[in-house]
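Data first, discussion second: the structure below is written as structure tokens.
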Amino acid sequence: MSEVRIISVKIPEEVYQEMALRIPEGDRSNFIREAISEKLQKTPKADKLLALEERMGKIEQEFGQIRKYLADLELLTFQHGEINPHSFCIDEVDHKIMEYLLHYKSATTPELAAYVKTNRWLILNRLRKIQKTSKKQVGKPIIEYYAGEKSGKKKAWWIDEELIQE
């Protein structure tokens with residue numbers, strides 16, 4: 001055994017009485033020491049959890065890169081109606097944006113801001129976040145910005161209808 005340290009522990013009277021009944025007086029220190037050791041073995045170490053989270057993040061990022069490369073090479077095909085666009089939404093604002101895009105197929109940031117009743121900068125940031133998240137998870141963005149004119153709209157965000165569920 002390595003160097004021992006002395007600690008003081010306050011326990012409820014009923015726990016002490018139960019221990020006094022079950023554990024002989026000379027064995028109580030060993031009993032408490034073993035109980036603490038057992039509990040520590042069952043408790044995960046924080047640094048290990050942090051390391052696992054970091055590894056998991058790296059794996060997700062690398063997997064997203066692989067999916068992106070496969071999509072670029074057209075080896076990974078997307079079936080019509082495979083993806084739920086609401087899975088990239090984090091709150092009610094995102095869901096409203098997605099509902100509008102699903103209904104109208106495209107929208108400008110001022111149109112979305114008026115629909116959601118918020119400022120267009122928040123809408124723009126949310127659209128970019130949805131775009132980035134979907135590209136990371138699927139390998140292809142579910143919404144894209146097109147600055148030119150398309151179907152009578154200029155500078156609008158378009159939903160990729162090939163990817164969404166119907």
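Each chain of the structure tokens is named A, B, ... in the order shown, its residues numbered from 1; ligands are numbered from 1 in display order.
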Show which residues sit within 8 Å of A:Glu144, as a PyMOL selection string. Count only C-alpha atoms, and ignore same-chain residues fewer than 5 positions away.
chain A and resi 131+157-160
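Proximity of A:Lys132, A:Thr108, A:Gln41, A:Ala35 to A:Glu149, computed with only C-alpha atoms, is greatest for A:Thr108.
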Distance query A:Ile90 at most 10 Å, only C-alpha atoms, self and fewer than 6 positions along chain excluded, as a ChimeraX atom specification
/A:126,129-130
Between A:Thr118, A:Thr133, A:Ser106, A:Met19, smallest distance to A:Phe31 by only C-alpha atoms belongs to A:Met19
Quick one: everything within 9 Å of A:Pro110, counting only C-alpha atoms, minus sequence neighbours fewer than 2 positions away in the same chain. Send it as a PyMOL selection string.
chain A and resi 107-108+112-115+119-120+123
Requested write-out: all heavy atoms of the selected residues, as a PDB file, in the first residue's frame:
ATOM      1  N   ALA A 107     -36.188  31.200 -50.464  1.00  0.00           N
ATOM      2  CA  ALA A 107     -36.523  32.422 -49.731  1.00  0.00           C
ATOM      3  C   ALA A 107     -35.296  33.308 -49.616  1.00  0.00           C
ATOM      4  O   ALA A 107     -34.164  32.824 -49.583  1.00  0.00           O
ATOM      5  CB  ALA A 107     -37.037  32.087 -48.338  1.00  0.00           C
ATOM      6  N   THR A 108     -35.543  34.606 -49.558  1.00  0.00           N
ATOM      7  CA  THR A 108     -34.469  35.549 -49.269  1.00  0.00           C
ATOM      8  C   THR A 108     -34.445  35.751 -47.761  1.00  0.00           C
ATOM      9  O   THR A 108     -35.424  35.444 -47.072  1.00  0.00           O
ATOM     10  CB  THR A 108     -34.709  36.892 -49.980  1.00  0.00           C
ATOM     11  OG1 THR A 108     -35.923  37.457 -49.488  1.00  0.00           O
ATOM     12  CG2 THR A 108     -34.785  36.710 -51.493  1.00  0.00           C
ATOM     13  N   LEU A 112     -37.635  35.604 -44.969  1.00  0.00           N
ATOM     14  CA  LEU A 112     -37.624  34.733 -43.788  1.00  0.00           C
ATOM     15  C   LEU A 112     -37.699  35.534 -42.492  1.00  0.00           C
ATOM     16  O   LEU A 112     -38.368  35.131 -41.553  1.00  0.00           O
ATOM     17  CB  LEU A 112     -36.371  33.855 -43.790  1.00  0.00           C
ATOM     18  CG  LEU A 112     -36.367  32.725 -44.810  1.00  0.00           C
ATOM     19  CD1 LEU A 112     -34.981  32.124 -44.932  1.00  0.00           C
ATOM     20  CD2 LEU A 112     -37.383  31.673 -44.439  1.00  0.00           C
ATOM     21  N   ALA A 113     -37.007  36.675 -42.463  1.00  0.00           N
ATOM     22  CA  ALA A 113     -37.042  37.521 -41.265  1.00  0.00           C
ATOM     23  C   ALA A 113     -38.459  38.016 -40.994  1.00  0.00           C
ATOM     24  O   ALA A 113     -38.903  38.056 -39.844  1.00  0.00           O
ATOM     25  CB  ALA A 113     -36.086  38.700 -41.424  1.00  0.00           C
ATOM     26  N   ALA A 114     -39.185  38.370 -42.051  1.00  0.00           N
ATOM     27  CA  ALA A 114     -40.567  38.824 -41.887  1.00  0.00           C
ATOM     28  C   ALA A 114     -41.451  37.670 -41.418  1.00  0.00           C
ATOM     29  O   ALA A 114     -42.315  37.852 -40.548  1.00  0.00           O
ATOM     30  CB  ALA A 114     -41.089  39.393 -43.201  1.00  0.00           C
ATOM     31  N   TYR A 115     -41.231  36.486 -41.956  1.00  0.00           N
ATOM     32  CA  TYR A 115     -42.039  35.315 -41.582  1.00  0.00           C
ATOM     33  C   TYR A 115     -41.790  34.910 -40.131  1.00  0.00           C
ATOM     34  O   TYR A 115     -42.713  34.627 -39.382  1.00  0.00           O
ATOM     35  CB  TYR A 115     -41.731  34.150 -42.527  1.00  0.00           C
ATOM     36  CG  TYR A 115     -42.462  32.881 -42.181  1.00  0.00           C
ATOM     37  CD1 TYR A 115     -43.826  32.756 -42.429  1.00  0.00           C
ATOM     38  CD2 TYR A 115     -41.799  31.802 -41.610  1.00  0.00           C
ATOM     39  CE1 TYR A 115     -44.502  31.595 -42.116  1.00  0.00           C
ATOM     40  CE2 TYR A 115     -42.468  30.637 -41.289  1.00  0.00           C
ATOM     41  CZ  TYR A 115     -43.821  30.537 -41.546  1.00  0.00           C
ATOM     42  OH  TYR A 115     -44.495  29.382 -41.224  1.00  0.00           O
ATOM     43  N   ASN A 119     -34.757  39.593 -36.826  1.00  0.00           N
ATOM     44  CA  ASN A 119     -33.891  40.333 -37.752  1.00  0.00           C
ATOM     45  C   ASN A 119     -33.223  39.395 -38.761  1.00  0.00           C
ATOM     46  O   ASN A 119     -33.057  38.208 -38.527  1.00  0.00           O
ATOM     47  CB  ASN A 119     -32.855  41.175 -36.995  1.00  0.00           C
ATOM     48  CG  ASN A 119     -31.827  40.346 -36.270  1.00  0.00           C
ATOM     49  OD1 ASN A 119     -31.198  39.470 -36.857  1.00  0.00           O
ATOM     50  ND2 ASN A 119     -31.648  40.621 -34.991  1.00  0.00           N
ATOM     51  N   ARG A 120     -32.838  39.967 -39.892  1.00  0.00           N
ATOM     52  CA  ARG A 120     -32.320  39.136 -40.980  1.00  0.00           C
ATOM     53  C   ARG A 120     -30.922  38.598 -40.696  1.00  0.00           C
ATOM     54  O   ARG A 120     -30.507  37.597 -41.267  1.00  0.00           O
ATOM     55  CB  ARG A 120     -32.363  39.883 -42.315  1.00  0.00           C
ATOM     56  CG  ARG A 120     -31.478  41.072 -42.430  1.00  0.00           C
ATOM     57  CD  ARG A 120     -31.708  41.791 -43.760  1.00  0.00           C
ATOM     58  NE  ARG A 120     -30.739  42.834 -43.964  1.00  0.00           N
ATOM     59  CZ  ARG A 120     -29.587  42.658 -44.611  1.00  0.00           C
ATOM     60  NH1 ARG A 120     -29.297  41.500 -45.116  1.00  0.00           N
ATOM     61  NH2 ARG A 120     -28.743  43.656 -44.745  1.00  0.00           N
ATOM     62  N   ILE A 123     -31.389  35.316 -39.023  1.00  0.00           N
ATOM     63  CA  ILE A 123     -31.817  34.369 -40.055  1.00  0.00           C
ATOM     64  C   ILE A 123     -30.609  33.914 -40.879  1.00  0.00           C
ATOM     65  O   ILE A 123     -30.426  32.724 -41.129  1.00  0.00           O
ATOM     66  CB  ILE A 123     -32.896  34.992 -40.969  1.00  0.00           C
ATOM     67  CG1 ILE A 123     -34.146  35.361 -40.168  1.00  0.00           C
ATOM     68  CG2 ILE A 123     -33.219  34.071 -42.137  1.00  0.00           C
ATOM     69  CD1 ILE A 123     -34.864  34.194 -39.549  1.00  0.00           C
TER      70      ILE A 123
END
